[in-house]
Amino acid sequence: MIDHLPALQVVIPLIAAPLSALFRPGRAVWLLAMTACGLSLLIAILLLNQVLTQHVISYPMGSWPAPWGIEYRIDAANAFMLLIVSGIGTIVMAFARPIVEQRIRLPEYKQPWFYTAYLLCLTGLLGIVITGDAFNVFVFLEISSLSSYALISLGRDRRALTASYQYLIMGTIGATFILIGIGLLYVMTGTLNMMDLAERIPAVADTRTIRAAFAFLTIGVSLKLALFPLHLWLPNAYAYAPSAVTAFLAATATKVAVYVLLRFFFTIFGVNFSFETMRLDLVLLPLALVGIFSASVVAIFQNNVKRMLAYSSVAQIGYMILGISLVSVTGVTAAISHLFNHALMKGALFMALGCISFRIGTVQLDRIAGVGRAMPWTMGAFVVGGLSLIGVPLTAGFVSKWYLIVGALEKSWWPVAVLVLVTSLLAVIYIWRVVEAAYFKPAPEGRVVHEAPLALLIPTWTLVLANLYFGLDTSLNAGVARTAAEMLLSVGH
Amino acid sequence: MQILGLYNYWIFIVLMMCGFYVVISRGNLVKKLVGLNIFQTSVFILYISMGKIIGGTAPIAVDQDVVYSNPIPHVLILTAIVVGIATTSLGLALVVRINEAYGTIEEDEIHAQSEEEAL
C-alpha cells in the first residue's frame with residue numbers, strides 16, 4: 001500500500017469525481033468529496049516525509065519501467081507542491097458546502113456535479129505536479145483547465161460566463177503552445193521522460209528546434225501562470241467565479257503553473273541552457289517588475305474587492321517570477337516559499353470575501369460599509385490575511401518577502417529591493433481601502449447582517465492561523481523551500 | 001527542394017497562423033471557437049508528421065527487420081484530439097449559456113451590455 005502512494009495521490013480524487021456525480025444533493029456527497037480531499041492531503045504529508053529522508057521517489061505507473069512508461073517522480077519541490085495543492089483543496093472543500101447550496105448558479109439536483117468538477121480539477125493539479133513525464137503534464141493540465149472553466153462559469157453573475165469563455169480561449173492557446181513545445185522536444189530527443197530529456201537535450205541544445213521548443217514552452221506556461229502581460233484572463237475569472245472556486249484556483253492553479261515553469265526550465269532544460277544560453281532571466285525580470293508594479297497600482301482603483309485581490313494575485317505572481325529570475329538559491333527559495341505563503345494568504349482572503357458575499361450578496365466596496373462591526377470574525381480574518389499579503393513581520397507573507405529582498409541584495413540589485421518594499425506599501429493602500437469601508441463607514445440603514453456561519457468561519461480561520469503559524473515557524477515554508485531550491489539549481493550543473 | 005519536401009510542416013504553420021488569426025480577429029464567439037479548432041488541429045498534423053518515416057510501414061511486430069513509422073506521436077495526438085473535442089464542446093456549451101444570458105454572441109455587444117451593468 002505504502003509503495004503505491006504516488007499513484008493513489010492522483011487516483012483517489014479521480015475515482016471520487018465520477019462517484020460524486022451519482023449522489024443526490026446533500027451532505028453525503030460533500031462527505032465523499034471531503035474524504036477524498038482529506039486522503040490526498042494525508043498522502044501528500046506521507047510523501048513529503050518520505051522525500052525528506054530518501055530524497056527521490058520514483059514510481060513506474062503500471063510497472064512499465066521509465067523511460068518507456070510514465071514515471072511519477074517526487075522530489076522536495078513537487079512533494080512540497082503536493083502538500084500545498086491538497087492542503088488548500090481540503091480546506092476549501094470544507095468551506096464549499098454552504099456556498100454550493102446557496103451561491104452557485106446550478107439547479108439543486110445538479111449540485112453534486114460541482115464536486116465532480118472540483119475533484120477533477122484537484123486531480124489535474126496533483127497530476128501535473130507529481131508526474132515525471134512531459135506529455136503527462138499536458139494531459140493533466142487540460143483535465144484541470146477544463147474543469148476549472150466549468151467551475152468558473154458557475155458564478156451567479158452572468159459575467160462569469162464570459163470570463164470563463166475568455167479563460168477557455170487563452171488557456172487553450174497556452175496549453176496548445178505547451179503541446180507544440182513538448183512535441184518539438186520529442187522530435188529532437190525521442191523521449192518524454194523528464195530525467196531522460198534532461199540527459200539528452202545538451203547534445204542537441206544548439207539547434208533551432210530546441211530553441212523553438214523553449215520559446216513555445218515559455219509562452220505557453222506564462223499564459224497559464226498569468227505572467228504580465230498575459231494575465232488578462234485572470235481578473236474577470238477570479239472576480240465572477242463562486243468564492244469557493246476563486247479561493248481554490250487563486251491558491252493553487254497559478255502556483256502549479258509556476259511549478260511547471262521551474263520544472264521545465266531548471267530540471268529539463270537545465271540552469272545553464274535556460275539562463276546562460278537563452279537568458280530567460282532577461283525576459284522574466286522586467287516582466288515581473290512591470291507586472292508587480294502595474295498590477296498593484298490597478299488593484300488600488302478597483303471597486304470590486306474580489307477583482308482587487310485578483311489584480312493583487314497578478315502582482316504576487318510577479319514576486320515569484322522575480323525570485324526565479326534572480327537564479328540564485330535565495331531567489332528560488334523566495335519563489336517557492338512565496339508559492340506556499342501566497343496560497344495561505346490569498347486562500348484566507350478570498351474565503352473571508354466568500355463569507356461576506358454569503359451574507360450580503362456582493363463584495364462591492366460601497367456595499368460592504370459597516371460590515372466590520374456586524375461580522376467581526378470575518379473581517380478579522382480579512383485583516384490578518386491582508387497583513388500577511390502586505391508582508392508584516394510575524395505573518396507568513398513576511399518570510400518570502402524577506403528572502404526576496406535578501407536575494408536581490410545578494411546581487412546588489414538594490415532598486416529591485418526598493419521596488420519590493422514600495423509595492424508592499426501599495427498593498428497597504430488597497431487593503432486599507434477595504435478596512436476603511438468595513439470598519440469606519442456607517443452601515444446602510446435598515447440592513448441587518450449576521451456573522452457568517454461556523455461552517456464558513458472554521459475553514460477560513462484555519463488558513464488565517466496557518467498564516468500566523470508559518471510566520472513564526474519557518475521550517476516548512478522556508479526550510480523545505482530551500483531544500484527544493486538547492487535541488488533545482490544543482491540539477492543541470 | 002528541401003522546402004517543398006517539408007510541405008506538411010508548412011501546412012502546420014499556415015493552419016496554425018490562420019487559426020490563431022481567426023481567434024484574435026473575430027468578434028463572434030462561435031467563429032472564435034472555429035479558429036481555436038483550426039489552431040489545435042494544426043498541432044495534430046505536426047505530431048503525425050514527426051512520427052512518419054518515409055517508406056515505413058505500420059508498426060506491427062514481425063520476424064524480419066522492417067522500417068516502421070513511430071506510433072508514439074500518433075497515440076499521443078489521439079489524447080490531444082480528445083482534449084480538443086472536450087474543449088470545443090465545453091466552449092460551445094458556454095456560448096449557448098452566454099446567448100441565453102445576453103441574447104447575443106457578438107463580443108462587442110456583450111461588452112457594451114457589461115459596461116452598462118458596471119455603471
# chains A, B, ... in the order shown; residues from 1 in each chain; ligands from 1
>>> interface_residues(of="chain A", to="chain B", cutoff="8 Å", atoms="only C-alpha atoms", output="ChimeraX atom specification")
/A:135,139,142,146,150,153,158-159,161-162,164-165,168-169,172-173,176,179-180,183,187
>>> residues_around(residues="Tyr68 in chain B", least_positions_apart="5", cutoff="12 Å", atoms="only C-alpha atoms", output="list in words")
Gly51, Lys52, Ile53, Ile54, Gly55, Gly56, Thr57, Ala58, Pro59, Ile60, Ala61 and Val62 of chain B
>>> select_by_dssp(residues="chain B", states="strand (DSSP E or B)", output="PyMOL selection string")
chain B and resi 28+57+68+106
>>> select_by_dssp(residues="range 321-487 of chain A", states="helix (DSSP H, G or I)", output="JSON, numbers by chain")
{"A": [321, 322, 323, 324, 325, 329, 330, 331, 332, 333, 334, 335, 336, 337, 338, 339, 340, 341, 342, 343, 344, 345, 346, 347, 348, 349, 350, 351, 352, 353, 354, 355, 356, 357, 358, 359, 360, 365, 366, 367, 371, 372, 373, 374, 376, 377, 378, 379, 380, 381, 382, 383, 384, 385, 386, 387, 388, 389, 390, 396, 397, 398, 399, 400, 401, 402, 403, 404, 405, 406, 407, 408, 409, 410, 414, 415, 416, 417, 418, 419, 420, 421, 422, 423, 424, 425, 426, 427, 428, 429, 430, 431, 432, 433, 434, 435, 436, 437, 438, 439, 440, 454, 455, 456, 457, 458, 459, 460, 461, 462, 463, 464, 465, 466, 467, 468, 469, 470, 471, 472, 475, 476, 477, 478, 479, 480, 481, 482, 483, 484, 485, 486, 487]}
>>> write_last_selection(atoms="C-alpha atoms", output="tab-separated table (two decimals), in the first residue's frame")
chain	number	residue	atom	x	y	z
A	321	ILE	CA	8.83	35.17	-11.10
A	322	LEU	CA	11.17	37.85	-9.74
A	323	GLY	CA	12.57	35.28	-7.31
A	324	ILE	CA	13.07	32.80	-10.13
A	325	SER	CA	14.78	35.35	-12.37
A	329	VAL	CA	19.37	29.68	-4.17
A	330	THR	CA	17.93	32.55	-2.13
A	331	GLY	CA	15.86	33.82	-5.04
A	332	VAL	CA	14.37	30.44	-5.89
A	333	THR	CA	13.79	29.78	-2.18
A	334	ALA	CA	11.85	33.05	-2.06
A	335	ALA	CA	9.80	32.00	-5.09
A	336	ILE	CA	8.96	28.54	-3.74
A	337	SER	CA	8.22	29.78	-0.26
A	338	HIS	CA	6.01	32.52	-1.74
A	339	LEU	CA	4.09	29.79	-3.60
A	340	PHE	CA	3.19	28.38	-0.21
A	341	ASN	CA	2.66	31.65	1.64
A	342	HIS	CA	0.63	33.22	-1.13
A	343	ALA	CA	-1.61	30.15	-1.22
A	344	LEU	CA	-2.24	30.65	2.51
A	345	MET	CA	-2.90	34.39	2.38
A	346	LYS	CA	-4.96	34.52	-0.81
A	347	GLY	CA	-6.90	31.45	0.27
A	348	ALA	CA	-7.74	33.16	3.58
A	349	LEU	CA	-8.60	36.50	1.92
A	350	PHE	CA	-10.86	35.02	-0.75
A	351	MET	CA	-12.57	32.82	1.84
A	352	ALA	CA	-13.22	35.87	4.04
A	353	LEU	CA	-14.74	37.58	1.00
A	354	GLY	CA	-16.78	34.42	0.44
A	355	CYS	CA	-18.20	34.84	3.97
A	356	ILE	CA	-19.10	38.46	3.22
A	357	SER	CA	-20.78	37.73	-0.10
A	358	PHE	CA	-22.59	34.81	1.55
A	359	ARG	CA	-24.26	37.29	3.91
A	360	ILE	CA	-24.70	40.45	1.85
A	365	LEU	CA	-16.55	48.36	-1.83
A	366	ASP	CA	-19.50	50.75	-1.28
A	367	ARG	CA	-21.80	47.90	-0.21
A	371	VAL	CA	-19.55	45.03	7.76
A	372	GLY	CA	-16.65	45.12	10.21
A	373	ARG	CA	-18.94	45.56	13.20
A	374	ALA	CA	-21.59	43.11	12.02
A	376	PRO	CA	-16.14	40.80	13.38
A	377	TRP	CA	-14.69	37.31	12.88
A	378	THR	CA	-14.89	37.50	9.10
A	379	MET	CA	-13.29	40.92	8.91
A	380	GLY	CA	-10.73	39.86	11.49
A	381	ALA	CA	-9.74	37.05	9.13
A	382	PHE	CA	-9.56	39.54	6.26
A	383	VAL	CA	-7.32	41.89	8.23
A	384	VAL	CA	-4.86	39.16	9.25
A	385	GLY	CA	-4.81	37.84	5.68
A	386	GLY	CA	-4.23	41.37	4.46
A	387	LEU	CA	-1.32	41.90	6.87
A	388	SER	CA	0.20	38.68	5.58
A	389	LEU	CA	-0.29	39.91	1.99
A	390	ILE	CA	1.49	43.13	2.84
A	396	ALA	CA	3.82	34.10	6.52
A	397	GLY	CA	3.99	36.83	3.90
A	398	PHE	CA	6.99	38.38	5.64
A	399	VAL	CA	9.09	35.23	5.23
A	400	SER	CA	9.05	35.18	1.44
A	401	LYS	CA	9.39	38.95	1.05
A	402	TRP	CA	12.42	38.76	3.33
A	403	TYR	CA	14.10	36.11	1.20
A	404	LEU	CA	13.22	38.06	-1.93
A	405	ILE	CA	14.86	41.22	-0.65
A	406	VAL	CA	17.90	39.31	0.63
A	407	GLY	CA	18.18	37.61	-2.78
A	408	ALA	CA	18.05	40.96	-4.58
A	409	LEU	CA	20.63	42.49	-2.25
A	410	GLU	CA	22.94	39.49	-2.72
A	414	TRP	CA	19.03	47.41	-4.63
A	415	PRO	CA	16.48	49.12	-6.95
A	416	VAL	CA	14.69	45.75	-7.11
A	417	ALA	CA	14.69	45.52	-3.31
A	418	VAL	CA	13.31	49.06	-3.12
A	419	LEU	CA	10.58	48.18	-5.62
A	420	VAL	CA	9.54	45.19	-3.49
A	421	LEU	CA	9.20	47.49	-0.49
A	422	VAL	CA	7.33	50.18	-2.43
A	423	THR	CA	4.85	47.71	-3.90
A	424	SER	CA	4.28	46.32	-0.40
A	425	LEU	CA	3.20	49.83	0.52
A	426	LEU	CA	0.81	49.81	-2.44
A	427	ALA	CA	-0.65	46.65	-0.93
A	428	VAL	CA	-1.17	48.59	2.30
A	429	ILE	CA	-3.26	51.10	0.33
A	430	TYR	CA	-5.63	48.65	-1.29
A	431	ILE	CA	-6.06	46.54	1.83
A	432	TRP	CA	-6.67	49.74	3.81
A	433	ARG	CA	-9.47	50.78	1.42
A	434	VAL	CA	-11.35	47.62	2.38
A	435	VAL	CA	-10.63	48.00	6.08
A	436	GLU	CA	-11.75	51.63	5.99
A	437	ALA	CA	-15.01	50.77	4.25
A	438	ALA	CA	-15.78	47.86	6.56
A	439	TYR	CA	-14.90	49.48	9.89
A	440	PHE	CA	-15.20	53.25	9.55
A	454	LEU	CA	-19.33	28.46	11.55
A	455	ALA	CA	-19.14	26.11	8.56
A	456	LEU	CA	-17.53	29.02	6.69
A	457	LEU	CA	-15.62	30.60	9.56
A	458	ILE	CA	-13.78	27.50	10.76
A	459	PRO	CA	-12.02	26.75	7.43
A	460	THR	CA	-11.29	30.46	6.93
A	461	TRP	CA	-9.71	30.79	10.36
A	462	THR	CA	-7.76	27.56	9.85
A	463	LEU	CA	-5.96	29.28	7.00
A	464	VAL	CA	-5.64	32.54	8.93
A	465	LEU	CA	-3.98	30.74	11.84
A	466	ALA	CA	-1.74	28.93	9.37
A	467	ASN	CA	-0.63	32.37	8.14
A	468	LEU	CA	0.40	33.26	11.68
A	469	TYR	CA	1.91	29.86	12.48
A	470	PHE	CA	4.11	29.77	9.38
A	471	GLY	CA	5.19	33.32	10.07
A	472	LEU	CA	6.79	32.06	13.30
A	475	SER	CA	10.92	25.20	8.98
A	476	LEU	CA	8.33	24.18	6.38
A	477	ASN	CA	7.80	27.21	4.19
A	478	ALA	CA	11.42	28.35	4.18
A	479	GLY	CA	13.30	25.17	5.18
A	480	VAL	CA	11.74	22.79	2.69
A	481	ALA	CA	11.64	25.54	0.05
A	482	ARG	CA	15.38	25.92	0.43
A	483	THR	CA	15.95	22.19	0.06
A	484	ALA	CA	13.84	22.29	-3.09
A	485	ALA	CA	15.68	25.33	-4.44
A	486	GLU	CA	19.09	23.74	-3.85
A	487	MET	CA	17.88	20.59	-5.58
>>> closest_residue(among="A:Ser294, A:Ser412, A:Thr252, A:Thr191", to="Pro229 in chain A", atoms="only C-alpha atoms")
A:Ser294
>>> atom_distance(atom1="CA of Ser243 in chain A", atom2="CA of Met81 in chain A")
22.5 Å
>>> residues_around(residues="Phe216 in chain A", least_positions_apart="6", cutoff="8 Å", atoms="only C-alpha atoms", output="CSV table (one decimal) with N, CA and C atoms, in the first residue's frame")
chain,number,residue,atom,x,y,z
A,177,PHE,N,0.3,25.7,-27.0
A,177,PHE,CA,1.7,26.1,-27.1
A,177,PHE,C,2.6,25.1,-26.4
A,178,ILE,N,2.2,24.7,-25.2
A,178,ILE,CA,2.9,23.7,-24.4
A,178,ILE,C,3.0,22.4,-25.2
A,180,ILE,N,2.9,22.0,-28.4
A,180,ILE,CA,3.9,22.1,-29.5
A,180,ILE,C,5.3,22.0,-29.0
A,181,GLY,N,5.6,22.7,-27.9
A,181,GLY,CA,6.9,22.7,-27.3
A,181,GLY,C,7.3,21.2,-26.9
>>> closest_residue(among="A:Ala198, A:Val260, A:Ala241, A:Met308", to="Phe273 in chain A", atoms="only C-alpha atoms")
A:Ala198
>>> residues_around(residues="Leu230 in chain A", least_positions_apart="2", cutoff="12 Å", atoms="only C-alpha atoms", output="list in words")
Tyr167, Met170, Gly171, Ile173, Gly174, Thr218, Ile219, Gly220, Val221, Ser222, Leu223, Lys224, Leu225, Ala226, Leu227, Phe228, Leu232, Trp233, Leu234, Pro235, Leu287, Ala288, Gly291, Val314, Ile317 and Gly318 of chain A
>>> closest_residue(among="A:Val51, A:Ala96, A:Leu192, A:Leu184", to="Glu71 in chain A", atoms="only C-alpha atoms")
A:Leu192
>>> atom_distance(atom1="CA of Ala203 in chain A", atom2="CA of Ala77 in chain A")
26.2 Å
>>> decode(residues="range 51-80 of chain B", atoms="N, CA and C atoms", output="mmCIF file, in the first residue's frame")
data_model
loop_
_atom_site.group_PDB
_atom_site.id
_atom_site.type_symbol
_atom_site.label_atom_id
_atom_site.label_comp_id
_atom_site.auth_asym_id
_atom_site.auth_seq_id
_atom_site.Cartn_x
_atom_site.Cartn_y
_atom_site.Cartn_z
ATOM 1 N N GLY B 51 6.021 11.478 -36.624
ATOM 2 C CA GLY B 51 6.118 10.035 -36.426
ATOM 3 C C GLY B 51 6.353 9.284 -37.725
ATOM 4 N N LYS B 52 6.017 9.920 -38.846
ATOM 5 C CA LYS B 52 6.074 9.220 -40.143
ATOM 6 C C LYS B 52 7.516 9.057 -40.625
ATOM 7 N N ILE B 53 7.844 7.858 -41.056
ATOM 8 C CA ILE B 53 9.148 7.628 -41.680
ATOM 9 C C ILE B 53 8.885 7.247 -43.125
ATOM 10 N N ILE B 54 9.564 7.910 -44.065
ATOM 11 C CA ILE B 54 9.269 7.662 -45.485
ATOM 12 C C ILE B 54 9.610 6.219 -45.823
ATOM 13 N N GLY B 55 8.663 5.505 -46.395
ATOM 14 C CA GLY B 55 8.860 4.098 -46.729
ATOM 15 C C GLY B 55 8.555 3.175 -45.569
ATOM 16 N N GLY B 56 8.224 3.740 -44.408
ATOM 17 C CA GLY B 56 7.944 2.902 -43.243
ATOM 18 C C GLY B 56 6.535 2.331 -43.292
ATOM 19 N N THR B 57 6.354 1.151 -42.701
ATOM 20 C CA THR B 57 5.030 0.535 -42.686
ATOM 21 C C THR B 57 4.372 0.758 -41.328
ATOM 22 N N ALA B 58 3.238 0.095 -41.161
ATOM 23 C CA ALA B 58 2.571 0.144 -39.865
ATOM 24 C C ALA B 58 3.414 -0.619 -38.842
ATOM 25 N N PRO B 59 3.451 -0.162 -37.602
ATOM 26 C CA PRO B 59 4.297 -0.806 -36.595
ATOM 27 C C PRO B 59 3.677 -2.099 -36.065
ATOM 28 N N ILE B 60 3.806 -3.204 -36.809
ATOM 29 C CA ILE B 60 3.286 -4.490 -36.367
ATOM 30 C C ILE B 60 4.483 -5.425 -36.195
ATOM 31 N N ALA B 61 4.516 -6.132 -35.075
ATOM 32 C CA ALA B 61 5.665 -6.985 -34.792
ATOM 33 C C ALA B 61 5.729 -8.161 -35.766
ATOM 34 N N VAL B 62 6.811 -8.216 -36.550
ATOM 35 C CA VAL B 62 7.046 -9.362 -37.437
ATOM 36 C C VAL B 62 8.479 -9.806 -37.250
ATOM 37 N N ASP B 63 8.822 -10.990 -37.787
ATOM 38 C CA ASP B 63 10.147 -11.538 -37.541
ATOM 39 C C ASP B 63 11.250 -10.784 -38.277
ATOM 40 N N GLN B 64 11.025 -10.475 -39.583
ATOM 41 C CA GLN B 64 12.125 -9.828 -40.306
ATOM 42 C C GLN B 64 12.219 -8.346 -39.959
ATOM 43 N N ASP B 65 13.385 -7.755 -40.266
ATOM 44 C CA ASP B 65 13.597 -6.335 -39.997
ATOM 45 C C ASP B 65 12.826 -5.500 -40.998
ATOM 46 N N VAL B 66 11.925 -4.660 -40.527
ATOM 47 C CA VAL B 66 11.234 -3.746 -41.426
ATOM 48 C C VAL B 66 11.342 -2.338 -40.852
ATOM 49 N N VAL B 67 11.264 -1.355 -41.752
ATOM 50 C CA VAL B 67 11.213 0.040 -41.316
ATOM 51 C C VAL B 67 9.763 0.369 -41.006
ATOM 52 N N TYR B 68 9.509 0.877 -39.821
ATOM 53 C CA TYR B 68 8.122 1.218 -39.495
ATOM 54 C C TYR B 68 8.045 2.627 -38.907
ATOM 55 N N SER B 69 6.883 3.235 -39.062
ATOM 56 C CA SER B 69 6.678 4.577 -38.522
ATOM 57 C C SER B 69 6.548 4.509 -37.008
ATOM 58 N N ASN B 70 6.947 5.598 -36.354
ATOM 59 C CA ASN B 70 6.884 5.645 -34.891
ATOM 60 C C ASN B 70 5.432 5.849 -34.448
ATOM 61 N N PRO B 71 4.865 4.877 -33.749
ATOM 62 C CA PRO B 71 3.456 5.021 -33.382
ATOM 63 C C PRO B 71 3.210 5.960 -32.209
ATOM 64 N N ILE B 72 4.251 6.286 -31.449
ATOM 65 C CA ILE B 72 4.002 7.021 -30.198
ATOM 66 C C ILE B 72 3.387 8.408 -30.437
ATOM 67 N N PRO B 73 3.944 9.213 -31.383
ATOM 68 C CA PRO B 73 3.310 10.534 -31.596
ATOM 69 C C PRO B 73 1.849 10.395 -32.023
ATOM 70 N N HIS B 74 1.543 9.333 -32.763
ATOM 71 C CA HIS B 74 0.160 9.148 -33.206
ATOM 72 C C HIS B 74 -0.746 8.869 -32.008
ATOM 73 N N VAL B 75 -0.238 8.054 -31.088
ATOM 74 C CA VAL B 75 -1.032 7.753 -29.899
ATOM 75 C C VAL B 75 -1.178 9.001 -29.028
ATOM 76 N N LEU B 76 -0.054 9.751 -28.910
ATOM 77 C CA LEU B 76 -0.108 10.976 -28.100
ATOM 78 C C LEU B 76 -1.174 11.913 -28.634
ATOM 79 N N ILE B 77 -1.211 12.049 -29.972
ATOM 80 C CA ILE B 77 -2.096 13.042 -30.533
ATOM 81 C C ILE B 77 -3.549 12.592 -30.430
ATOM 82 N N LEU B 78 -3.746 11.282 -30.295
ATOM 83 C CA LEU B 78 -5.104 10.799 -30.043
ATOM 84 C C LEU B 78 -5.636 11.422 -28.744
ATOM 85 N N THR B 79 -4.755 11.487 -27.746
ATOM 86 C CA THR B 79 -5.141 12.134 -26.487
ATOM 87 C C THR B 79 -5.482 13.603 -26.716
ATOM 88 N N ALA B 80 -4.636 14.271 -27.520
ATOM 89 C CA ALA B 80 -4.861 15.699 -27.747
ATOM 90 C C ALA B 80 -6.142 15.928 -28.538
#
